[in-house]
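Below is run.txt, which holds compact mmCIF, C-alpha atoms and all ligand atoms.
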# COMPACT_ATOMS: atom_id res chain seq x y z
CA MET A 435 5.34 3.01 -19.45
CA VAL A 436 3.33 -0.21 -19.04
CA TYR A 437 1.48 -0.57 -15.76
CA TYR A 438 0.26 -3.82 -14.35
CA ARG A 439 -3.07 -4.04 -12.53
CA PRO A 440 -5.17 -7.15 -11.88
CA GLY A 441 -8.52 -6.59 -13.57
CA SER A 442 -10.83 -8.93 -11.69
CA LEU A 443 -11.23 -10.40 -8.22
CA SER A 444 -9.94 -13.79 -9.36
CA GLU A 445 -6.75 -12.21 -10.73
CA PHE A 446 -6.05 -10.38 -7.47
CA ILE A 447 -3.42 -12.21 -5.42
CA GLY A 448 -3.41 -12.10 -1.59
CA GLN A 449 -5.79 -10.40 0.90
CA LYS A 450 -7.74 -13.68 0.97
CA ARG A 451 -10.28 -12.74 3.64
CA ILE A 452 -11.08 -9.37 2.01
CA LYS A 453 -11.49 -11.03 -1.37
CA GLU A 454 -13.86 -13.63 0.07
CA GLU A 455 -16.00 -10.96 1.72
CA LEU A 456 -16.00 -8.76 -1.37
CA PHE A 457 -17.07 -11.73 -3.48
CA ILE A 458 -20.13 -12.22 -1.25
CA TYR A 459 -21.13 -8.52 -1.33
CA ILE A 460 -20.53 -8.18 -5.06
CA SER A 461 -22.62 -11.29 -5.80
CA SER A 462 -25.49 -10.17 -3.59
CA VAL A 463 -25.49 -6.59 -4.96
CA LYS A 464 -25.53 -8.03 -8.49
CA LYS A 465 -28.47 -10.29 -7.63
CA ARG A 466 -30.48 -7.49 -6.02
CA ASN A 467 -29.35 -4.99 -8.65
CA ASP A 468 -28.63 -2.68 -5.76
CA ILE A 469 -26.08 -0.02 -4.83
CA PHE A 470 -22.77 -1.34 -3.45
CA PRO A 471 -22.33 -0.36 0.23
CA HIS A 472 -19.99 2.53 1.09
CA THR A 473 -16.58 0.95 1.61
CA PHE A 474 -13.48 2.05 3.48
CA PHE A 475 -10.04 0.63 2.62
CA ILE A 476 -7.30 1.16 5.18
CA GLY A 477 -3.69 0.33 4.40
CA ALA A 478 -0.24 1.59 3.47
CA PRO A 479 0.34 3.06 0.00
CA GLY A 480 0.77 0.43 -2.71
CA LEU A 481 -1.14 -2.41 -1.01
CA GLY A 482 -3.93 -2.44 -3.60
CA LYS A 483 -6.70 -0.10 -2.37
CA THR A 484 -7.19 1.60 -5.76
CA THR A 485 -6.95 -1.75 -7.51
CA LEU A 486 -9.71 -3.22 -5.32
CA ALA A 487 -11.95 -0.19 -6.00
CA LYS A 488 -11.40 -0.69 -9.74
CA ILE A 489 -12.16 -4.39 -9.40
CA ILE A 490 -15.44 -3.70 -7.56
CA ALA A 491 -16.50 -1.32 -10.34
CA TYR A 492 -15.44 -3.83 -13.01
CA GLU A 493 -17.23 -6.77 -11.39
CA LEU A 494 -20.42 -4.71 -11.00
CA ASN A 495 -20.08 -3.06 -14.38
CA ARG A 496 -20.41 0.39 -12.81
CA ASN A 497 -18.73 3.70 -13.61
CA LEU A 498 -15.79 4.57 -11.38
CA LYS A 499 -14.79 8.17 -10.72
CA ILE A 500 -11.43 8.58 -9.07
CA THR A 501 -10.40 11.62 -7.06
CA SER A 502 -8.37 12.32 -3.96
CA GLY A 503 -8.64 14.16 -0.66
CA PRO A 504 -6.21 17.02 -1.41
CA ILE A 505 -8.20 17.96 -4.56
CA LEU A 506 -11.46 18.19 -2.60
CA ASP A 507 -10.29 21.13 -0.51
CA LYS A 508 -13.36 23.33 -1.04
CA THR A 509 -17.03 22.54 -0.40
CA GLY A 510 -17.87 23.77 -3.91
CA THR A 511 -15.43 21.33 -5.52
CA LEU A 512 -16.84 18.40 -3.58
CA ALA A 513 -20.42 19.49 -4.33
CA ALA A 514 -19.59 19.61 -8.06
CA VAL A 515 -18.13 16.09 -7.96
CA LEU A 516 -21.19 14.75 -6.11
CA THR A 517 -23.77 16.41 -8.33
CA ASN A 518 -22.08 15.04 -11.43
CA LEU A 519 -22.54 11.43 -10.27
CA LYS A 520 -25.10 9.15 -11.89
CA GLU A 521 -27.20 6.45 -10.23
CA GLY A 522 -25.01 3.46 -9.28
CA ASP A 523 -21.69 5.27 -9.89
CA ILE A 524 -18.77 4.51 -7.63
CA LEU A 525 -16.78 7.46 -6.32
CA PHE A 526 -13.28 6.55 -5.13
CA ILE A 527 -11.59 9.10 -2.87
CA ASP A 528 -7.93 8.32 -2.19
CA GLU A 529 -6.31 9.87 0.90
CA ILE A 530 -9.79 10.66 2.17
CA HIS A 531 -8.29 11.80 5.49
CA ARG A 532 -6.94 14.88 3.72
CA ILE A 533 -10.42 16.28 3.01
CA PRO A 534 -10.88 19.32 5.27
CA LYS A 535 -13.46 18.92 8.07
CA PRO A 536 -16.17 21.18 6.50
CA CYS A 537 -16.04 19.07 3.32
CA GLN A 538 -16.08 15.85 5.34
CA GLU A 539 -19.34 17.12 6.87
CA ILE A 540 -20.91 17.43 3.41
CA LEU A 541 -20.18 13.75 2.90
CA TYR A 542 -22.23 12.76 5.97
CA THR A 543 -25.61 13.58 4.38
CA ALA A 544 -24.40 12.62 0.92
CA MET A 545 -23.55 9.12 2.13
CA GLU A 546 -26.49 8.62 4.46
CA ASP A 547 -29.40 10.38 2.75
CA PHE A 548 -28.00 10.83 -0.79
CA ALA A 549 -28.59 14.54 -0.38
CA LEU A 550 -26.60 17.73 -0.37
CA ASP A 551 -27.48 20.57 2.01
CA ILE A 552 -26.54 23.92 0.52
CA VAL A 553 -26.68 27.12 2.58
CA ILE A 554 -27.71 30.20 0.59
CA GLY A 555 -27.15 33.63 2.08
CA LYS A 556 -25.64 34.53 5.44
CA GLY A 557 -26.85 35.17 8.98
CA ASN A 558 -30.62 35.42 9.69
CA THR A 559 -31.53 35.56 6.02
CA GLY A 560 -29.56 32.43 5.13
CA LYS A 561 -31.49 29.30 4.34
CA THR A 562 -30.64 25.71 3.62
CA ILE A 563 -31.72 24.03 0.41
CA ARG A 564 -31.59 20.26 0.10
CA LEU A 565 -30.49 18.85 -3.27
CA ASN A 566 -31.15 15.18 -3.92
CA LEU A 567 -28.23 13.15 -5.22
CA PRO A 568 -28.38 9.93 -7.22
CA LYS A 569 -27.71 6.80 -5.18
CA PHE A 570 -23.98 6.18 -5.38
CA THR A 571 -21.22 4.27 -3.61
CA LEU A 572 -18.36 6.00 -1.87
CA ILE A 573 -15.11 4.08 -1.58
CA GLY A 574 -12.64 5.86 0.68
CA ALA A 575 -8.99 4.91 1.05
CA THR A 576 -6.44 5.99 3.60
CA ASN A 577 -3.40 4.89 5.53
CA LYS A 578 -4.32 7.29 8.34
CA PRO A 579 -7.84 6.33 9.44
CA ASN A 580 -7.44 8.22 12.73
CA LEU A 581 -7.38 11.50 10.82
CA CYS A 582 -10.89 10.87 9.49
CA SER A 583 -13.66 12.15 11.73
CA ALA A 584 -15.57 9.46 13.62
CA PRO A 585 -18.93 10.39 11.98
CA LEU A 586 -17.37 9.92 8.54
CA ARG A 587 -15.85 6.55 9.45
CA ASP A 588 -19.18 5.43 10.93
CA ARG A 589 -20.96 5.99 7.63
CA PHE A 590 -18.94 3.31 5.84
CA GLN A 591 -20.83 0.03 5.94
CA LEU A 592 -17.79 -2.04 4.96
CA ILE A 593 -14.36 -1.45 6.46
CA PHE A 594 -11.36 -3.45 5.27
CA LYS A 595 -7.83 -3.26 6.61
CA LEU A 596 -5.29 -4.43 4.04
CA ASP A 597 -2.36 -6.43 5.39
CA TYR A 598 1.19 -6.45 4.13
CA TYR A 599 1.67 -9.38 1.72
CA THR A 600 3.63 -12.50 2.53
CA ASP A 601 6.83 -13.18 0.56
CA GLU A 602 5.04 -16.05 -1.18
CA GLU A 603 2.16 -13.81 -2.29
CA LEU A 604 4.59 -11.21 -3.63
CA ARG A 605 6.52 -14.01 -5.35
CA ASP A 606 3.34 -15.03 -7.19
CA ILE A 607 2.63 -11.41 -8.15
CA ILE A 608 6.21 -11.08 -9.45
CA ILE A 609 5.91 -14.22 -11.59
CA LYS A 610 2.58 -13.03 -12.98
CA VAL A 611 3.73 -9.49 -13.75
CA GLY A 612 6.92 -10.90 -15.33
CA LYS A 613 4.80 -13.09 -17.62
CA THR A 614 2.63 -10.13 -18.61
CA TRP A 615 5.77 -8.24 -19.55
CA GLY A 616 7.21 -11.12 -21.56
CA PHE A 617 9.78 -12.77 -19.29
CA GLU A 618 9.87 -15.77 -17.08
CA ILE A 619 11.18 -15.68 -13.51
CA ASP A 620 11.48 -18.99 -11.69
CA LYS A 621 10.04 -19.46 -8.21
CA ASN A 622 13.38 -19.24 -6.35
CA ASN A 623 14.49 -16.05 -8.02
CA ALA A 624 11.06 -14.51 -7.70
CA LEU A 625 11.19 -15.21 -3.96
CA LYS A 626 14.55 -13.42 -3.67
CA LEU A 627 12.99 -10.36 -5.28
CA ALA A 628 9.81 -10.73 -3.22
CA ARG A 629 11.83 -10.45 0.01
CA ALA A 630 12.98 -7.01 -1.09
CA GLY A 631 9.39 -6.01 -1.89
CA LYS A 632 8.67 -5.17 1.77
CA GLY A 633 5.26 -6.87 1.64
CA ILE A 634 4.01 -4.19 -0.80
CA PRO A 635 2.97 -5.00 -4.40
CA ARG A 636 3.92 -1.52 -5.65
CA GLN A 637 7.48 -1.94 -4.31
CA ALA A 638 7.70 -5.42 -5.84
CA ILE A 639 6.43 -4.20 -9.20
CA ASN A 640 8.94 -1.33 -9.17
CA LEU A 641 11.67 -3.94 -8.75
CA ILE A 642 10.39 -6.00 -11.69
CA ARG A 643 10.31 -2.83 -13.78
CA LYS A 644 14.01 -2.29 -12.94
CA LEU A 645 14.71 -5.95 -13.70
CA ARG A 646 13.09 -5.54 -17.09
CA GLU A 647 15.32 -2.56 -17.94
CA PHE A 648 18.36 -4.49 -16.70
CA ILE A 649 17.54 -7.52 -18.86
CA LEU A 650 16.80 -5.38 -21.88
CA LEU A 651 20.13 -3.63 -21.54
CA ASN A 652 22.19 -6.73 -20.80
CA SER A 653 20.65 -9.36 -23.00
CA PRO A 654 18.43 -7.80 -25.63
CA CYS A 655 16.40 -10.65 -27.14
CA SER A 656 13.70 -10.86 -29.73
CA SER A 657 10.97 -8.25 -29.84
CA LYS A 658 8.54 -10.96 -28.65
CA GLY A 659 9.89 -10.87 -25.14
CA TYR A 660 12.94 -11.39 -23.01
CA GLY A 661 12.49 -15.11 -22.30
CA LYS A 662 13.66 -16.87 -19.15
CA ILE A 663 16.05 -15.05 -16.86
CA SER A 664 19.02 -17.13 -15.74
CA SER A 665 19.99 -17.30 -12.07
CA GLU A 666 23.37 -15.68 -12.87
CA GLU A 667 21.67 -12.73 -14.53
CA PHE A 668 19.28 -12.53 -11.63
CA ASP A 669 22.04 -12.49 -9.02
CA ARG A 670 23.90 -9.81 -10.95
CA PHE A 671 20.74 -7.73 -10.87
CA LEU A 672 20.32 -8.15 -7.10
CA LYS A 673 23.95 -7.19 -6.61
CA LEU A 674 23.51 -4.11 -8.76
CA LEU A 675 20.59 -3.02 -6.59
CA ASP A 676 22.55 -3.90 -3.46
CA ILE A 677 19.88 -6.33 -2.25
CA ASP A 678 21.33 -8.92 0.12
CA GLU A 679 20.31 -12.50 0.89
CA TRP A 680 17.77 -11.26 3.46
CA GLY A 681 16.16 -9.04 0.88
CA LEU A 682 17.49 -5.95 2.68
CA THR A 683 18.29 -2.88 0.60
CA SER A 684 20.76 -0.09 1.30
CA GLU A 685 17.92 1.97 2.86
CA ASP A 686 17.10 -0.85 5.29
CA ARG A 687 20.75 -1.14 6.26
CA LYS A 688 20.94 2.64 6.67
CA CYS A 689 18.09 2.45 9.21
CA LEU A 690 19.77 -0.36 11.17
CA LEU A 691 23.22 1.24 11.09
CA THR A 692 21.83 4.63 12.14
CA LEU A 693 19.99 3.02 15.04
CA TYR A 694 23.19 1.33 16.09
CA LYS A 695 25.74 4.06 15.49
CA GLU A 696 23.84 7.26 16.24
CA PHE A 697 21.35 6.08 18.81
CA ASN A 698 23.22 3.28 20.52
CA GLY A 699 20.59 0.76 19.48
CA GLY A 700 17.68 2.98 20.57
CA PRO A 701 15.07 3.69 21.72
CA VAL A 702 14.61 6.49 19.22
CA GLY A 703 11.55 8.38 17.97
CA ILE A 704 10.52 8.10 14.34
CA SER A 705 11.19 11.78 13.52
CA SER A 706 14.78 11.62 14.87
CA LEU A 707 15.37 8.46 12.83
CA ALA A 708 13.88 10.15 9.77
CA LEU A 709 16.16 13.17 10.22
CA SER A 710 19.29 11.05 10.60
CA THR A 711 18.55 8.65 7.74
CA ASN A 712 17.15 11.29 5.41
CA ILE A 713 14.18 9.01 4.75
CA SER A 714 10.77 10.63 5.20
CA THR A 715 8.73 9.76 8.31
CA GLU A 716 5.94 8.57 6.00
CA GLU A 717 8.24 6.14 4.14
CA LEU A 718 9.82 4.95 7.37
CA GLU A 719 6.42 4.28 8.89
CA THR A 720 4.77 2.61 5.92
CA ILE A 721 7.62 0.88 4.04
CA TYR A 722 10.85 0.30 6.00
CA GLU A 723 9.80 -0.03 9.62
CA PRO A 724 7.01 -2.62 9.10
CA ALA A 725 9.38 -4.80 7.03
CA LEU A 726 12.23 -4.56 9.56
CA ILE A 727 9.80 -5.35 12.40
CA ARG A 728 8.42 -8.36 10.48
CA LEU A 729 12.00 -9.62 10.06
CA GLY A 730 12.51 -9.16 13.81
CA LEU A 731 15.48 -6.79 13.29
CA ILE A 732 13.94 -3.84 15.10
CA ALA A 733 11.10 -3.52 17.60
CA ARG A 734 8.70 -0.76 18.56
CA THR A 735 8.55 0.09 22.24
CA ARG A 736 6.64 2.85 24.03
CA ARG A 737 9.83 4.91 24.11
CA GLY A 738 10.71 4.42 20.45
CA ARG A 739 12.36 1.99 18.02
CA ILE A 740 15.10 -0.33 19.23
CA LEU A 741 17.50 -2.69 17.54
CA THR A 742 16.71 -6.28 18.55
CA GLN A 743 19.19 -9.08 19.26
CA LYS A 744 18.57 -10.32 15.75
CA GLY A 745 19.29 -6.79 14.48
CA TYR A 746 22.64 -6.71 16.30
CA LEU A 747 23.47 -10.16 14.96
CA TYR A 748 22.69 -9.04 11.42
CA LEU A 749 25.00 -6.02 11.75
CA GLN A 750 27.69 -8.14 13.32
CA LYS A 751 27.51 -10.64 10.48
CA LYS A 752 27.34 -8.02 7.78
CA TYR A 753 29.76 -5.35 9.00
CA LYS A 754 31.74 -6.95 11.86
CA LEU A 755 30.99 -3.76 13.75
CA PHE A 756 32.05 -5.14 17.08
CA SER A 757 34.08 -8.15 18.19
CA SER A 758 32.16 -11.36 18.60
CA ASN A 759 32.94 -11.16 22.34
CA LYS A 760 31.13 -7.85 22.58
CA ALA A 761 28.28 -9.27 20.53
CA LEU A 762 28.05 -12.18 22.94
CA CYS A 763 27.97 -9.75 25.90
CA LEU A 764 25.21 -7.74 24.26
CA PHE A 765 23.10 -10.80 23.68
CA SER A 766 23.62 -12.42 27.05
CA ASN A 767 22.10 -9.39 28.88
P1 LIG B 1 -2.89 1.78 -3.30
O1 LIG B 1 -4.13 2.33 -3.90
O2 LIG B 1 -3.14 1.00 -2.04
O3 LIG B 1 -1.80 2.81 -3.11
P2 LIG B 1 -2.65 0.36 -5.84
O4 LIG B 1 -3.97 -0.29 -5.93
O5 LIG B 1 -2.44 1.61 -6.66
O6 LIG B 1 -2.28 0.67 -4.31
O7 LIG B 1 -1.55 -0.73 -6.19
C1 LIG B 1 -0.21 -0.39 -6.47
C2 LIG B 1 0.34 -1.28 -7.57
O8 LIG B 1 0.40 -2.61 -7.10
C3 LIG B 1 -0.54 -1.31 -8.82
O9 LIG B 1 0.32 -1.41 -9.94
C4 LIG B 1 -1.34 -2.56 -8.67
O10 LIG B 1 -1.68 -3.12 -9.90
C5 LIG B 1 -0.39 -3.48 -7.90
N1 LIG B 1 -1.11 -4.38 -7.02
C6 LIG B 1 -1.68 -4.06 -5.85
N2 LIG B 1 -2.22 -5.14 -5.27
C7 LIG B 1 -1.98 -6.18 -6.09
C8 LIG B 1 -2.28 -7.58 -6.05
N3 LIG B 1 -2.91 -8.10 -5.01
N4 LIG B 1 -1.89 -8.35 -7.06
C9 LIG B 1 -1.20 -7.81 -8.08
N5 LIG B 1 -0.86 -6.50 -8.19
C10 LIG B 1 -1.26 -5.69 -7.21
Any chance you could put this one into structure tokens?
Amino acid sequence: MVYYRPGSLSEFIGQKRIKEELFIYISSVKKRNDIFPHTFFIGAPGLGKTTLAKIIAYELNRNLKITSGPILDKTGTLAAVLTNLKEGDILFIDEIHRIPKPCQEILYTAMEDFALDIVIGKGNTGKTIRLNLPKFTLIGATNKPNLCSAPLRDRFQLIFKLDYYTDEELRDIIIKVGKTWGFEIDKNNALKLARAGKGIPRQAINLIRKLREFILLNSPCSSKGYGKISSEEFDRFLKLLDIDEWGLTSEDRKCLLTLYKEFNGGPVGISSLALSTNISTEELETIYEPALIRLGLIARTRRGRILTQKGYLYLQKKYKLFSSNKALCLFSN
């Protein structure tokens, strides 16, 4: 399978403010031939945290070691990873919030003093030995920053919160990825696909991957590439995936319909909605809900999620669930 990943800061689309800041830090670290500051990326899965870590390493010409929180479940494992680092290396820990507290504590001195405190023996006879570590950069990534201890968060000098992408940014990513994979998608069609991408590059790229299979199956062209995709072909593809003119997928509609039918329009808690839709809480929280909120179809209140006027109107238009009189009543309240 071919993966797409922008290799340099200039190739990375979106996250303008983060890119501008990173450019400044990368340039100054290069000039001073220094260690890049410890950096914390916060954002939903698929927004580009790993990609940015790879770009930092590429731009600085440094080694990047990638690991993740669930693997670092024992102090010994973390100590082995840290002692294997070389001066200037970048250690990327994905899902850093999943590192157990005792291991998180090891990171405090590792990040601040570039040292590892090892306790040998137990009780009164136990003593602590300090091992020096090479100067390195830690890049942590998470979508649950609250689950990281405050002392760990405080030790990151740079903290970036990645936003969901605009439809136009995803459209540009789609066009670029399409080109890399040998087919051309025009701006209008790319925008239709972008709307279904939920503001997340990984979702958008998954859709292009499906589009590629669809094109290959339906109009196999030369081995050089698949050429330009016609609007008819494109619309057939959207229909096949059940993506409507709003960019809503069957999962989105399932959320709206469940809110309407089973919870009377809400408010409903996320776990009840997850149970009824059979979509995981994690996916609801990071993929579907943010997109539906951005479209103004649902809203988050203190008591739970509710269907908005716009949400009712969408269902009315799509499914004629209630008479237009009832719809009018609902909206005039
Ligand atoms: P995360 O680490 O936040 O889960 P990744 O960095 O693994 O996300 O990105 C997921 C996918 O989306 C990768 O294939 C990556 O190349 C792509 N991607 C992420 N951000 C961008 C971007 N700004 N431009 C183009 N592709 C991107």
- Message: Taking 4 positions as the minimum chain separation for residues in the same chain, which residues sit within 10 Å of segment 486-493 of chain A when counting all atoms listed in the file? Answer as a PyMOL selection string.
- Response: chain A and resi 439-446+452-453+456-457+459-461+464+470+473-475+481-482+497-500+522-527+571-575
- Please identify every polymer residue within 9 Å of ligand LIG 1 (chain B), using only C-alpha atoms and all ligand atoms, and present the set as a ChimeraX atom specification. /A:437-441,445-449,475-488,528,575-577,596,599,603-604,606-608,610-611,634-640
- Item | Distance query Arg587 of chain A at most 12 Å, only C-alpha atoms, self and fewer than 3 positions along chain excluded, as number ranges by chain | A: 472-476, 530-531, 538-539, 541-542, 545-546, 572-576, 578-584, 590-594
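Take atom CA of Leu512 of chain A and atom CA of Asp547 of chain A: the distance between them is 16.2 Å.
Among the candidate residues A:Gly661, A:Pro585, A:Gly631, A:Pro724, the one lying nearest to Thr614 of chain A is A:Gly661, with distances computed using only C-alpha atoms.
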Under the rule of at most 8 Å, produce a per-residue listing of segment 599-716 of chain A near segment 735-756 of chain A: chain, number, name, the closest pair of atoms, and the distance in Å, as CSV, using only C-alpha atoms.
residue,atom,partner,partner_atom,distance
A:Leu690,CA,A:Leu741,CA,7.2
A:Leu691,CA,A:Leu749,CA,7.5
A:Leu693,CA,A:Leu741,CA,6.7
A:Tyr694,CA,A:Leu741,CA,7.1
A:Gly699,CA,A:Leu741,CA,5.0
A:Gly700,CA,A:Ile740,CA,4.4
A:Pro701,CA,A:Gly738,CA,4.6
A:Val702,CA,A:Gly738,CA,4.6
A:Gly703,CA,A:Gly738,CA,4.7
A:Ile704,CA,A:Gly738,CA,7.1
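Atom CA of Arg605 of chain A sits 9.5 Å away from atom CA of Ile619 of chain A.
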Please report, as AutoDock Vina command-line options, the centre and edge lengths in Å to one decimal of an axis-aligned box covering all listed atoms of segment 735-748 of chain A with 4 Å per side.
--center_x 15.1 --center_y -2.7 --center_z 17.8 --size_x 24.8 --size_y 23.2 --size_z 20.7
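Here the question is which of A:Lys626, A:Arg466, A:Lys535, A:Lys613 gets nearest to Leu682 of chain A using only C-alpha atoms, and that residue is A:Lys626.
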Could I get segment 730-752 of chain A rebuilt with N, CA and C atoms, written as a tab-separated table (two decimals), keeping the file's coordinate frame?
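That gives us result03.tsv:
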chain	number	residue	atom	x	y	z
A	730	GLY	N	12.05	-9.05	12.42
A	730	GLY	CA	12.51	-9.16	13.81
A	730	GLY	C	13.84	-8.43	14.04
A	731	LEU	N	14.20	-7.48	13.15
A	731	LEU	CA	15.48	-6.79	13.29
A	731	LEU	C	15.36	-5.54	14.16
A	732	ILE	N	14.18	-4.94	14.17
A	732	ILE	CA	13.94	-3.84	15.10
A	732	ILE	C	12.61	-4.11	15.81
A	733	ALA	N	12.38	-3.37	16.90
A	733	ALA	CA	11.10	-3.52	17.60
A	733	ALA	C	10.60	-2.15	17.98
A	734	ARG	N	9.29	-2.04	18.17
A	734	ARG	CA	8.70	-0.76	18.56
A	734	ARG	C	8.35	-0.85	20.03
A	735	THR	N	8.91	0.07	20.82
A	735	THR	CA	8.55	0.09	22.24
A	735	THR	C	7.85	1.42	22.51
A	736	ARG	N	7.34	1.60	23.73
A	736	ARG	CA	6.64	2.85	24.03
A	736	ARG	C	7.57	4.05	23.93
A	737	ARG	N	8.87	3.80	24.15
A	737	ARG	CA	9.83	4.91	24.11
A	737	ARG	C	10.47	5.11	22.75
A	738	GLY	N	10.16	4.25	21.80
A	738	GLY	CA	10.71	4.42	20.45
A	738	GLY	C	11.18	3.09	19.86
A	739	ARG	N	11.90	3.21	18.73
A	739	ARG	CA	12.36	1.99	18.02
A	739	ARG	C	13.68	1.53	18.60
A	740	ILE	N	13.82	0.20	18.74
A	740	ILE	CA	15.10	-0.33	19.23
A	740	ILE	C	15.58	-1.43	18.29
A	741	LEU	N	16.90	-1.60	18.30
A	741	LEU	CA	17.50	-2.69	17.54
A	741	LEU	C	17.33	-3.96	18.38
A	742	THR	N	16.89	-5.03	17.78
A	742	THR	CA	16.71	-6.28	18.55
A	742	THR	C	18.01	-7.09	18.53
A	743	GLN	N	18.03	-8.17	19.27
A	743	GLN	CA	19.19	-9.08	19.26
A	743	GLN	C	19.50	-9.52	17.83
A	744	LYS	N	18.41	-9.86	17.13
A	744	LYS	CA	18.57	-10.32	15.75
A	744	LYS	C	19.17	-9.21	14.88
A	745	GLY	N	18.78	-7.95	15.20
A	745	GLY	CA	19.29	-6.79	14.48
A	745	GLY	C	20.79	-6.64	14.70
A	746	TYR	N	21.21	-6.79	15.98
A	746	TYR	CA	22.64	-6.71	16.30
A	746	TYR	C	23.39	-7.83	15.57
A	747	LEU	N	22.80	-9.02	15.60
A	747	LEU	CA	23.47	-10.16	14.96
A	747	LEU	C	23.66	-9.93	13.46
A	748	TYR	N	22.62	-9.34	12.85
A	748	TYR	CA	22.69	-9.04	11.42
A	748	TYR	C	23.85	-8.08	11.14
A	749	LEU	N	23.94	-7.01	11.96
A	749	LEU	CA	25.00	-6.02	11.75
A	749	LEU	C	26.37	-6.64	12.00
A	750	GLN	N	26.43	-7.48	13.00
A	750	GLN	CA	27.69	-8.14	13.32
A	750	GLN	C	28.16	-9.00	12.14
A	751	LYS	N	27.20	-9.73	11.58
A	751	LYS	CA	27.51	-10.64	10.48
A	751	LYS	C	27.90	-9.85	9.22
A	752	LYS	N	27.18	-8.78	9.02
A	752	LYS	CA	27.34	-8.02	7.78
A	752	LYS	C	28.56	-7.10	7.83
